[in-house]
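Okay, work16.txt is below, compact mmCIF, C-alpha atoms and all ligand atoms:
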# COMPACT_ATOMS: atom_id res chain seq x y z
CA MET J 8 204.01 162.12 147.65
CA GLN J 9 207.62 161.79 148.66
CA GLU J 10 208.46 158.23 147.68
CA LEU J 11 208.10 157.59 143.94
CA SER J 12 210.40 154.62 143.38
CA GLY J 13 208.56 151.45 142.34
CA LYS J 14 205.31 153.35 141.79
CA THR J 15 203.60 154.00 138.47
CA ALA J 16 203.28 157.18 136.42
CA VAL J 17 200.86 157.53 133.50
CA ILE J 18 201.56 160.29 130.97
CA THR J 19 199.52 161.38 127.96
CA GLY J 20 201.17 163.18 125.06
CA ALA J 21 204.28 161.26 126.13
CA ALA J 22 205.89 160.83 122.72
CA SER J 23 207.22 164.38 122.47
CA GLY J 24 208.15 167.56 124.28
CA ILE J 25 207.04 168.07 127.88
CA GLY J 26 205.39 164.64 128.14
CA LEU J 27 208.53 162.81 127.02
CA ALA J 28 210.65 164.90 129.41
CA MET J 29 208.30 164.06 132.30
CA ALA J 30 208.61 160.36 131.39
CA HIS J 31 212.40 160.64 131.62
CA ARG J 32 212.20 162.47 134.96
CA PHE J 33 209.75 160.06 136.57
CA GLY J 34 211.70 157.12 135.10
CA ASP J 35 214.87 158.51 136.69
CA ALA J 36 212.95 158.57 139.99
CA GLY J 37 212.45 154.80 139.64
CA MET J 38 208.82 154.87 138.51
CA ASN J 39 207.18 152.48 136.07
CA LEU J 40 206.00 154.44 133.03
CA VAL J 41 202.76 154.11 131.10
CA LEU J 42 202.82 156.26 127.98
CA GLY J 43 199.91 157.30 125.80
CA ASP J 44 200.03 159.30 122.58
CA VAL J 45 198.10 159.61 119.34
CA GLU J 46 201.29 159.36 117.23
CA SER J 47 202.21 155.67 117.13
CA ASP J 48 205.58 156.05 115.37
CA ALA J 49 206.78 158.73 117.78
CA LEU J 50 205.46 156.62 120.67
CA ASP J 51 207.52 153.62 119.50
CA ILE J 52 210.64 155.79 119.35
CA ALA J 53 209.97 157.24 122.81
CA THR J 54 209.35 153.77 124.25
CA THR J 55 212.65 152.48 122.86
CA GLU J 56 214.49 155.58 124.12
CA LEU J 57 213.08 155.19 127.65
CA SER J 58 213.63 151.42 127.73
CA ASP J 59 217.22 151.91 126.57
CA ALA J 60 217.64 154.34 129.47
CA GLY J 61 216.75 151.44 131.79
CA HIS J 62 213.15 152.37 132.60
CA GLU J 63 210.13 150.06 132.86
CA VAL J 64 207.81 151.20 130.07
CA ALA J 65 204.42 150.24 128.66
CA ALA J 66 202.88 152.26 125.83
CA MET J 67 199.51 152.46 124.12
CA GLN J 68 198.32 154.53 121.22
CA LEU J 69 195.58 156.80 122.48
CA ASP J 70 193.44 159.70 121.31
CA VAL J 71 192.49 161.62 124.47
CA ARG J 72 189.29 162.82 122.76
CA ASP J 73 187.98 159.25 123.03
CA LEU J 74 186.46 158.43 126.44
CA ASP J 75 186.37 154.69 125.76
CA GLY J 76 190.01 154.92 124.66
CA ILE J 77 190.91 156.54 128.01
CA ARG J 78 189.04 153.79 129.86
CA ALA J 79 191.00 151.18 127.90
CA PHE J 80 194.21 153.09 128.66
CA GLU J 81 193.46 153.03 132.39
CA ALA J 82 192.84 149.27 132.25
CA PHE J 83 196.06 148.87 130.25
CA ALA J 84 198.00 150.80 132.92
CA ARG J 85 196.65 148.60 135.72
CA GLU J 86 197.31 145.40 133.74
CA SER J 87 200.87 146.58 133.05
CA PHE J 88 201.98 147.68 136.52
CA GLY J 89 199.06 147.58 139.00
CA ASN J 90 197.96 150.71 140.86
CA VAL J 91 198.48 154.11 139.23
CA HIS J 92 200.06 156.75 141.48
CA VAL J 93 200.88 159.71 139.21
CA LEU J 94 198.76 160.81 136.27
CA CYS J 95 199.96 163.57 133.93
CA ASN J 96 197.14 164.77 131.68
CA ASN J 97 199.49 166.47 129.28
CA ALA J 98 198.47 165.78 125.65
CA GLY J 99 197.67 169.04 123.94
CA VAL J 100 197.70 171.00 120.71
CA GLY J 101 198.11 174.65 119.85
CA ALA J 102 195.55 176.19 117.50
CA GLY J 103 193.88 179.53 117.23
CA GLY J 104 191.96 181.82 114.91
CA PRO J 105 189.78 184.86 115.54
CA VAL J 106 186.50 184.63 117.43
CA SER J 107 184.90 186.61 114.58
CA ASP J 108 185.58 183.85 112.00
CA PRO J 109 182.32 181.86 111.68
CA ASP J 110 184.06 179.08 109.71
CA ASN J 111 186.72 177.85 112.15
CA LEU J 112 184.46 176.02 114.60
CA ASP J 113 185.96 172.67 113.63
CA LEU J 114 189.43 173.92 114.64
CA TRP J 115 188.04 175.29 117.90
CA LYS J 116 186.29 172.02 118.68
CA TRP J 117 189.38 169.93 117.88
CA THR J 118 191.51 172.05 120.23
CA ILE J 119 189.04 172.11 123.11
CA ASP J 120 188.25 168.40 122.75
CA ILE J 121 191.93 167.50 123.18
CA ASN J 122 193.14 170.17 125.61
CA LEU J 123 190.12 170.31 127.92
CA TRP J 124 187.90 167.28 127.39
CA GLY J 125 190.99 165.03 127.21
CA VAL J 126 192.01 166.28 130.67
CA ILE J 127 188.48 165.97 132.08
CA TYR J 128 188.22 162.38 130.82
CA GLY J 129 191.65 161.53 132.25
CA CYS J 130 190.77 162.89 135.69
CA LYS J 131 187.38 161.23 135.86
CA VAL J 132 188.53 157.82 134.64
CA PHE J 133 191.77 157.56 136.65
CA MET J 134 190.45 159.05 139.91
CA THR J 135 188.10 156.09 140.35
CA GLY J 136 191.02 153.65 140.50
CA MET J 137 193.10 155.99 142.67
CA LEU J 138 190.27 156.33 145.20
CA GLU J 139 189.76 152.56 145.21
CA HIS J 140 193.40 151.67 145.89
CA GLY J 141 193.61 154.37 148.58
CA GLU J 142 197.39 154.88 148.35
CA GLU J 143 198.93 158.32 147.91
CA ALA J 144 198.43 159.58 144.36
CA HIS J 145 198.94 162.80 142.42
CA ILE J 146 197.40 164.26 139.26
CA VAL J 147 199.26 166.87 137.17
CA ASN J 148 197.16 168.68 134.59
CA THR J 149 199.02 170.58 131.88
CA ALA J 150 197.51 174.03 131.38
CA SER J 151 199.62 177.03 130.27
CA MET J 152 200.14 180.71 130.98
CA ALA J 153 197.33 180.86 128.41
CA GLY J 154 195.16 179.67 131.30
CA HIS J 155 195.77 183.02 133.04
CA LEU J 156 196.31 185.50 130.23
CA SER J 157 194.14 185.82 127.14
CA ALA J 158 196.29 186.47 124.05
CA PRO J 159 194.29 187.54 120.99
CA MET J 160 193.83 185.05 118.13
CA MET J 161 194.23 182.14 120.56
CA GLY J 162 190.58 181.72 121.61
CA PRO J 163 190.21 177.93 121.68
CA TYR J 164 193.62 177.45 123.28
CA ASN J 165 192.93 180.08 125.97
CA ILE J 166 189.48 178.65 126.70
CA SER J 167 190.86 175.12 127.02
CA LYS J 168 193.67 176.20 129.35
CA TYR J 169 191.50 178.41 131.58
CA GLY J 170 189.24 175.35 131.80
CA VAL J 171 192.13 173.14 132.89
CA VAL J 172 193.13 175.66 135.59
CA ALA J 173 189.52 175.83 136.87
CA LEU J 174 189.15 172.05 136.81
CA SER J 175 192.41 171.58 138.72
CA GLU J 176 191.59 174.17 141.39
CA THR J 177 188.19 172.57 141.86
CA MET J 178 189.81 169.14 142.23
CA ALA J 179 192.31 170.44 144.79
CA LYS J 180 189.50 171.92 146.90
CA GLU J 181 187.37 168.78 146.60
CA ALA J 182 190.35 166.66 147.68
CA LEU J 183 190.56 168.79 150.86
CA MET J 184 186.81 168.70 151.36
CA MET J 185 186.61 164.91 150.95
CA GLY J 186 189.91 164.13 152.67
CA THR J 187 191.31 162.06 149.78
CA LYS J 188 194.97 161.20 149.28
CA ILE J 189 195.01 162.57 145.72
CA GLY J 190 197.27 165.61 145.34
CA VAL J 191 196.75 167.94 142.39
CA SER J 192 199.07 170.25 140.45
CA VAL J 193 198.45 172.48 137.45
CA LEU J 194 201.34 173.13 135.09
CA CYS J 195 201.36 176.63 133.58
CA PRO J 196 204.41 177.25 131.40
CA ALA J 197 205.04 180.04 128.90
CA PHE J 198 207.13 179.01 125.89
CA VAL J 199 208.89 175.63 126.05
CA ALA J 200 211.02 174.28 123.19
CA THR J 201 208.85 171.36 121.99
CA GLY J 202 206.87 170.27 118.93
CA ILE J 203 203.78 172.34 119.86
CA ALA J 204 204.23 174.75 116.94
CA THR J 205 203.64 171.87 114.54
CA SER J 206 200.49 170.60 116.25
CA ASP J 207 198.83 170.58 112.82
CA ARG J 208 200.63 167.29 112.19
CA ASN J 209 197.81 165.67 114.14
CA LEU J 210 194.99 167.73 112.63
CA PRO J 211 192.42 165.50 110.88
CA GLU J 212 192.86 165.69 107.08
CA ASN J 213 189.36 167.08 106.46
CA ILE J 214 189.95 170.01 108.85
CA LYS J 215 193.40 170.63 107.34
CA ALA J 216 191.94 170.78 103.84
CA ALA J 217 189.00 172.98 104.90
CA HIS J 218 191.42 175.66 106.16
CA GLY J 219 194.16 175.33 103.54
CA ARG J 220 196.49 173.99 106.21
CA ASP J 221 197.67 171.34 103.74
CA ALA J 222 198.93 174.06 101.34
CA PRO J 223 199.65 177.22 103.37
CA ASP J 224 199.95 180.57 101.55
CA GLU J 225 202.83 183.01 102.06
CA ALA J 226 201.13 184.91 104.90
CA SER J 227 200.30 181.82 106.93
CA SER J 228 203.76 180.35 106.30
CA GLY J 229 205.23 183.58 107.74
CA THR J 230 203.00 183.37 110.82
CA GLN J 231 203.90 179.71 111.23
CA SER J 232 207.63 180.34 111.12
CA ALA J 233 207.27 183.20 113.66
CA ILE J 234 205.45 180.83 116.04
CA GLU J 235 208.08 178.14 115.52
CA GLN J 236 210.82 180.64 116.42
CA LEU J 237 209.04 181.72 119.61
CA VAL J 238 208.59 178.12 120.70
CA ALA J 239 212.18 177.16 119.77
CA ALA J 240 213.42 180.02 121.99
CA GLY J 241 211.49 178.60 124.94
CA ILE J 242 212.99 176.91 127.98
CA PRO J 243 214.05 173.23 127.74
CA ALA J 244 211.32 170.65 128.38
CA ALA J 245 213.66 168.96 130.89
CA ASP J 246 213.45 172.08 133.12
CA VAL J 247 209.66 171.84 133.08
CA ALA J 248 209.83 168.14 133.94
CA GLU J 249 212.11 168.94 136.88
CA ALA J 250 209.55 171.47 138.17
CA VAL J 251 206.77 168.91 137.79
CA HIS J 252 208.75 166.29 139.72
CA HIS J 253 209.42 168.85 142.47
CA ALA J 254 205.72 169.74 142.69
CA VAL J 255 204.63 166.11 142.98
CA VAL J 256 207.19 165.30 145.67
CA ASN J 257 206.39 168.46 147.65
CA ASP J 258 202.63 168.51 146.98
CA GLU J 259 202.64 171.94 145.33
CA PHE J 260 199.59 172.96 143.32
CA TRP J 261 200.86 175.79 141.11
CA ILE J 262 203.70 175.03 138.71
CA LEU J 263 204.64 178.34 137.10
CA THR J 264 207.87 177.69 135.26
CA HIS J 265 208.48 181.21 133.93
CA ASP J 266 209.17 183.84 136.61
CA ASP J 267 209.15 186.62 134.00
CA ALA J 268 205.50 185.87 133.16
CA LYS J 269 204.21 186.17 136.73
CA ALA J 270 203.93 189.96 136.71
CA ALA J 271 201.34 189.74 133.93
CA VAL J 272 199.16 187.49 136.13
CA THR J 273 199.36 189.99 138.99
CA GLU J 274 198.58 192.85 136.61
CA ARG J 275 195.52 191.06 135.19
CA ALA J 276 194.19 190.41 138.72
CA ARG J 277 194.66 194.11 139.50
CA GLN J 278 192.80 195.10 136.31
CA ILE J 279 189.89 192.83 137.27
CA VAL J 280 189.41 194.25 140.77
CA ASP J 281 190.03 197.81 139.56
CA GLY J 282 187.54 197.41 136.70
CA VAL J 283 190.12 198.18 133.99
CA ASN J 284 189.12 197.05 130.48
CA PRO J 285 191.46 194.39 128.92
CA PRO J 286 194.38 196.15 127.18
CA LEU J 287 196.23 194.84 124.13
CA THR J 288 199.22 193.96 126.33
CA GLY J 289 199.99 191.61 129.18
CA PHE J 290 200.21 188.24 127.51
CA VAL J 291 203.20 186.07 126.65
N1 LIG J 301 205.51 174.16 124.35
C1 LIG J 301 204.97 175.21 124.92
O1 LIG J 301 205.41 176.36 124.71
C2 LIG J 301 203.82 175.03 125.88
C3 LIG J 301 203.48 176.08 126.74
C4 LIG J 301 202.42 175.92 127.63
C5 LIG J 301 201.72 174.72 127.65
N2 LIG J 301 202.08 173.71 126.80
C6 LIG J 301 201.28 172.48 126.87
O2 LIG J 301 202.14 171.38 127.07
C7 LIG J 301 201.49 170.18 126.63
C8 LIG J 301 202.46 169.33 125.87
O3 LIG J 301 202.78 169.98 124.64
P1 LIG J 301 204.27 170.11 124.09
O4 LIG J 301 204.62 171.55 124.14
O5 LIG J 301 205.15 169.12 124.71
O6 LIG J 301 204.01 169.78 122.53
P2 LIG J 301 204.40 168.50 121.65
O7 LIG J 301 203.71 168.69 120.36
O8 LIG J 301 205.89 168.34 121.65
O9 LIG J 301 203.79 167.29 122.46
C9 LIG J 301 202.39 167.08 122.53
C10 LIG J 301 202.10 165.59 122.42
O10 LIG J 301 200.68 165.40 122.51
C11 LIG J 301 200.31 164.43 121.53
N3 LIG J 301 198.89 164.56 121.17
C12 LIG J 301 198.31 165.51 120.40
N4 LIG J 301 197.02 165.27 120.25
C13 LIG J 301 196.75 164.14 120.96
C14 LIG J 301 195.57 163.39 121.20
N5 LIG J 301 194.39 163.73 120.65
N6 LIG J 301 195.65 162.30 122.00
C15 LIG J 301 196.85 161.92 122.53
N7 LIG J 301 198.00 162.58 122.31
C16 LIG J 301 197.95 163.69 121.54
C17 LIG J 301 201.23 164.71 120.36
O11 LIG J 301 201.31 163.62 119.46
C18 LIG J 301 202.55 165.02 121.06
O12 LIG J 301 203.32 163.85 121.26
C19 LIG J 301 200.26 170.65 125.86
O13 LIG J 301 199.11 170.49 126.67
C20 LIG J 301 200.53 172.11 125.61
O14 LIG J 301 199.36 172.85 125.44
C21 LIG J 301 203.10 173.83 125.93
Can you give me the file's structure in the form of C-alpha cells?
Amino acid sequence: MQELSGKTAVITGAASGIGLAMAHRFGDAGMNLVLGDVESDALDIATTELSDAGHEVAAMQLDVRDLDGIRAFEAFARESFGNVHVLCNNAGVGAGGPVSDPDNLDLWKWTIDINLWGVIYGCKVFMTGMLEHGEEAHIVNTASMAGHLSAPMMGPYNISKYGVVALSETMAKEALMMGTKIGVSVLCPAFVATGIATSDRNLPENIKAAHGRDAPDEASSGTQSAIEQLVAAGIPAADVAEAVHHAVVNDEFWILTHDDAKAAVTERARQIVDGVNPPLTGFV
C-alpha cells in the first residue's frame, strides 16, 4: 500500500509506547488517525500531542476485550474519517506466572483476552468494512518475539503472542486464496522502551488484590524492577514504528525489529525438526 496520505489509520493501545509511536509515524505520512485505548487520561494527552503536531485525530476510549466496544470503535472510525485503510491491533499487556500455579487463572485470562481476543475481534470487525470498500488496506497485528520463543514464567503472554502469529499467517494466506486487497503484517519485537513493564496499571482491582499486586512484597518488587530495567534498555518505540511503516508501504509480512534475536528463532526451528527437547536457553 504505497500511498498513505489522506487515508485513515486505526490504532489500538495508541496512548503509549509502540501504539503512540505508530500514530506519530502514520500521522507524519499524512494519514488521519483514529486512536483507541483503555486509559482515557493518557488517550487525551496523546490526542493533544498528535493534534499539536498537526495531525487529524479522533480518539475513543476502548477496552479491546469488549466485542461490542470494538464494533462501536469501527463505527466511530468510519463516522470520523470514512473508510479505514490501516488497522494496527496493538493494545497489549505483559503478565506471567508459572503454569503450575492453580490460582493465577484470572491473570492468564486477562492477558489472553486482551492480547489475543482483542486482536481477533479487531480483525474480524474491521475486515468486514475493508472488504466492503474494496480499496487497498493493511492490517498490522502486534505479536512479539514471545510469539516464536517460549520464555519460562511467561505462559499467558507466550500463548497470546503465538496465537497472534498464527492468526496473522492464516490471514495472509486467506488473503492470497481469496484475492483480497488486504495486506497483513505481524510485528515481533524483543524489548522496546515503553510502558509495558507497568501493565498492572490496567489490571482490574479485584485481580490486583487477589495476587497482592496492590502491595508487592520485597521479592516481587525486585522482579518488577528487573523487568522495568530490561524494558527501559530496549530499542526506541519510534524505531519500531518506522519498521511498521516500511512494512505497510512495501507489503512485508514479518516485522522482526531485533536482528540479534533472529538466531534463536532459527535454533528453535532446528530443535523442532531434529527432535531436541526444549532447553532452558534461547529466549530473549
Ligand atoms: N515493549 C516491549 O518490549 C514489547 C515487546 C514485544 C511486543 N510488545 C507488544 O507491543 C504492544 C504495545 O505495548 P507497549 O510495549 O507499547 O506497552 P505500553 O504499556 O506502553 O502500551 C500499551 C497500551 O495498550 C493499552 N491497553 C492495555 N490494555 C488495554 C485494553 N484492554 N484495551 C485497550 N487498550 C489497552 C494501554 O493503556 C497502553 O496505552 C503490546 O501488544 C505488547 O505486547 C511490546
Please report, as JSON, the centre and edge lengths in Å to one decimal of an axis-aligned box covering all listed atoms of stretch 154-168 of chain J with 8 Å per side.
{"center_x": 192.9, "center_y": 181.3, "center_z": 125.6, "size_x": 22.8, "size_y": 28.4, "size_z": 30.9}
**OP:** Pick out the residues sitting within 9 Å of stretch 191-203 of chain J, and hand them over as a PyMOL selection string; count only C-alpha atoms, and ignore anything fewer than 5 positions along from it in its own chain.
**Re:** chain J and resi 23-25+99-101+144-155+168+171-172+175-176+178-179+182+235+237-244+247+250-251+254-255+258-265+268+291
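Computed from the coordinates, the atom CA of J:Ala22 to atom O9 of ligand LIG 301 (chain J) distance equals 6.8 Å.
If you look at atom CA of J:Met8 and atom CA of J:Phe83, they are 23.3 Å away from each other.
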Subject >> J:Gly186 environment, 12 Å, only C-alpha atoms, sequence neighbours closer than 5 positions dropped, as number ranges by chain >> reply: J: 138, 141, 143, 178-181
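Relative to atom CA of J:His31, atom CA of J:Gly76 is found at 24.1 Å.
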**OP:** Taking the point (196.3, 161.9, 123.9) as given in the file, collect each protein or nucleic acid residue that comes within 6 Å of it, counting all atoms listed in the file, and present the set as a list in words.
**Re:** Thr19, Gly20, Asp44, Val45, Leu69, Asp70, Val71 and Ala98 of chain J
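Using only C-alpha atoms and all ligand atoms for every distance, the candidate list J:Asn209, J:Ser107, J:Thr177, J:Thr230 yields J:Asn209 as the residue closest to ligand LIG 301 (chain J).
Each of J:Gly13, J:Gly61, J:Pro159, J:Gly104 was checked against J:Gly89 using only C-alpha atoms; the smallest atom-to-atom distance is that of J:Gly13.
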Using the partial input, fill out stretch 214-239 of chain J with N, CA and C atoms; write the result as a compact mmCIF listing (two decimals), in the coordinates of the input.
# COMPACT_ATOMS: atom_id res chain seq x y z
N ILE J 214 189.85 168.67 108.25
CA ILE J 214 189.95 170.01 108.85
C ILE J 214 191.14 170.76 108.21
N LYS J 215 192.23 170.04 108.01
CA LYS J 215 193.40 170.63 107.34
C LYS J 215 192.99 171.19 105.98
N ALA J 216 192.31 170.38 105.20
CA ALA J 216 191.94 170.78 103.84
C ALA J 216 190.96 171.95 103.88
N ALA J 217 190.02 171.92 104.83
CA ALA J 217 189.00 172.98 104.90
C ALA J 217 189.62 174.35 105.17
N HIS J 218 190.79 174.38 105.79
CA HIS J 218 191.42 175.66 106.16
C HIS J 218 192.73 175.90 105.41
N GLY J 219 192.95 175.14 104.34
CA GLY J 219 194.16 175.33 103.54
C GLY J 219 195.42 175.05 104.31
N ARG J 220 195.30 174.28 105.40
CA ARG J 220 196.49 173.99 106.21
C ARG J 220 197.40 172.98 105.51
N ASP J 221 196.84 172.29 104.48
CA ASP J 221 197.67 171.34 103.74
C ASP J 221 198.52 172.04 102.69
N ALA J 222 198.16 173.29 102.33
CA ALA J 222 198.93 174.06 101.34
C ALA J 222 198.94 175.53 101.76
N PRO J 223 199.71 175.86 102.82
CA PRO J 223 199.65 177.22 103.37
C PRO J 223 200.16 178.29 102.40
N ASP J 224 199.49 179.47 102.41
CA ASP J 224 199.95 180.57 101.55
C ASP J 224 201.12 181.29 102.23
N GLU J 225 201.62 182.33 101.56
CA GLU J 225 202.83 183.01 102.06
C GLU J 225 202.59 183.62 103.45
N ALA J 226 201.41 184.25 103.62
CA ALA J 226 201.13 184.91 104.90
C ALA J 226 201.09 183.89 106.04
N SER J 227 200.38 182.77 105.82
CA SER J 227 200.30 181.82 106.93
C SER J 227 201.62 181.09 107.15
N SER J 228 202.43 180.94 106.10
CA SER J 228 203.76 180.35 106.30
C SER J 228 204.62 181.27 107.16
N GLY J 229 204.48 182.60 106.94
CA GLY J 229 205.23 183.58 107.74
C GLY J 229 204.82 183.53 109.20
N THR J 230 203.50 183.47 109.44
CA THR J 230 203.00 183.37 110.82
C THR J 230 203.52 182.09 111.47
N GLN J 231 203.46 181.01 110.69
CA GLN J 231 203.90 179.71 111.23
C GLN J 231 205.38 179.75 111.63
N SER J 232 206.21 180.36 110.76
CA SER J 232 207.63 180.34 111.12
C SER J 232 207.91 181.26 112.31
N ALA J 233 207.11 182.34 112.47
CA ALA J 233 207.27 183.20 113.66
C ALA J 233 206.92 182.42 114.93
N ILE J 234 205.84 181.64 114.87
CA ILE J 234 205.45 180.83 116.04
C ILE J 234 206.52 179.79 116.35
N GLU J 235 207.04 179.16 115.30
CA GLU J 235 208.08 178.14 115.52
C GLU J 235 209.30 178.75 116.19
N GLN J 236 209.65 179.99 115.81
CA GLN J 236 210.82 180.64 116.42
C GLN J 236 210.58 180.94 117.90
N LEU J 237 209.37 181.43 118.21
CA LEU J 237 209.04 181.72 119.61
C LEU J 237 209.14 180.46 120.46
N VAL J 238 208.58 179.39 119.94
CA VAL J 238 208.59 178.12 120.70
C VAL J 238 210.03 177.60 120.83
N ALA J 239 210.79 177.67 119.74
CA ALA J 239 212.18 177.16 119.77
C ALA J 239 213.03 177.94 120.77
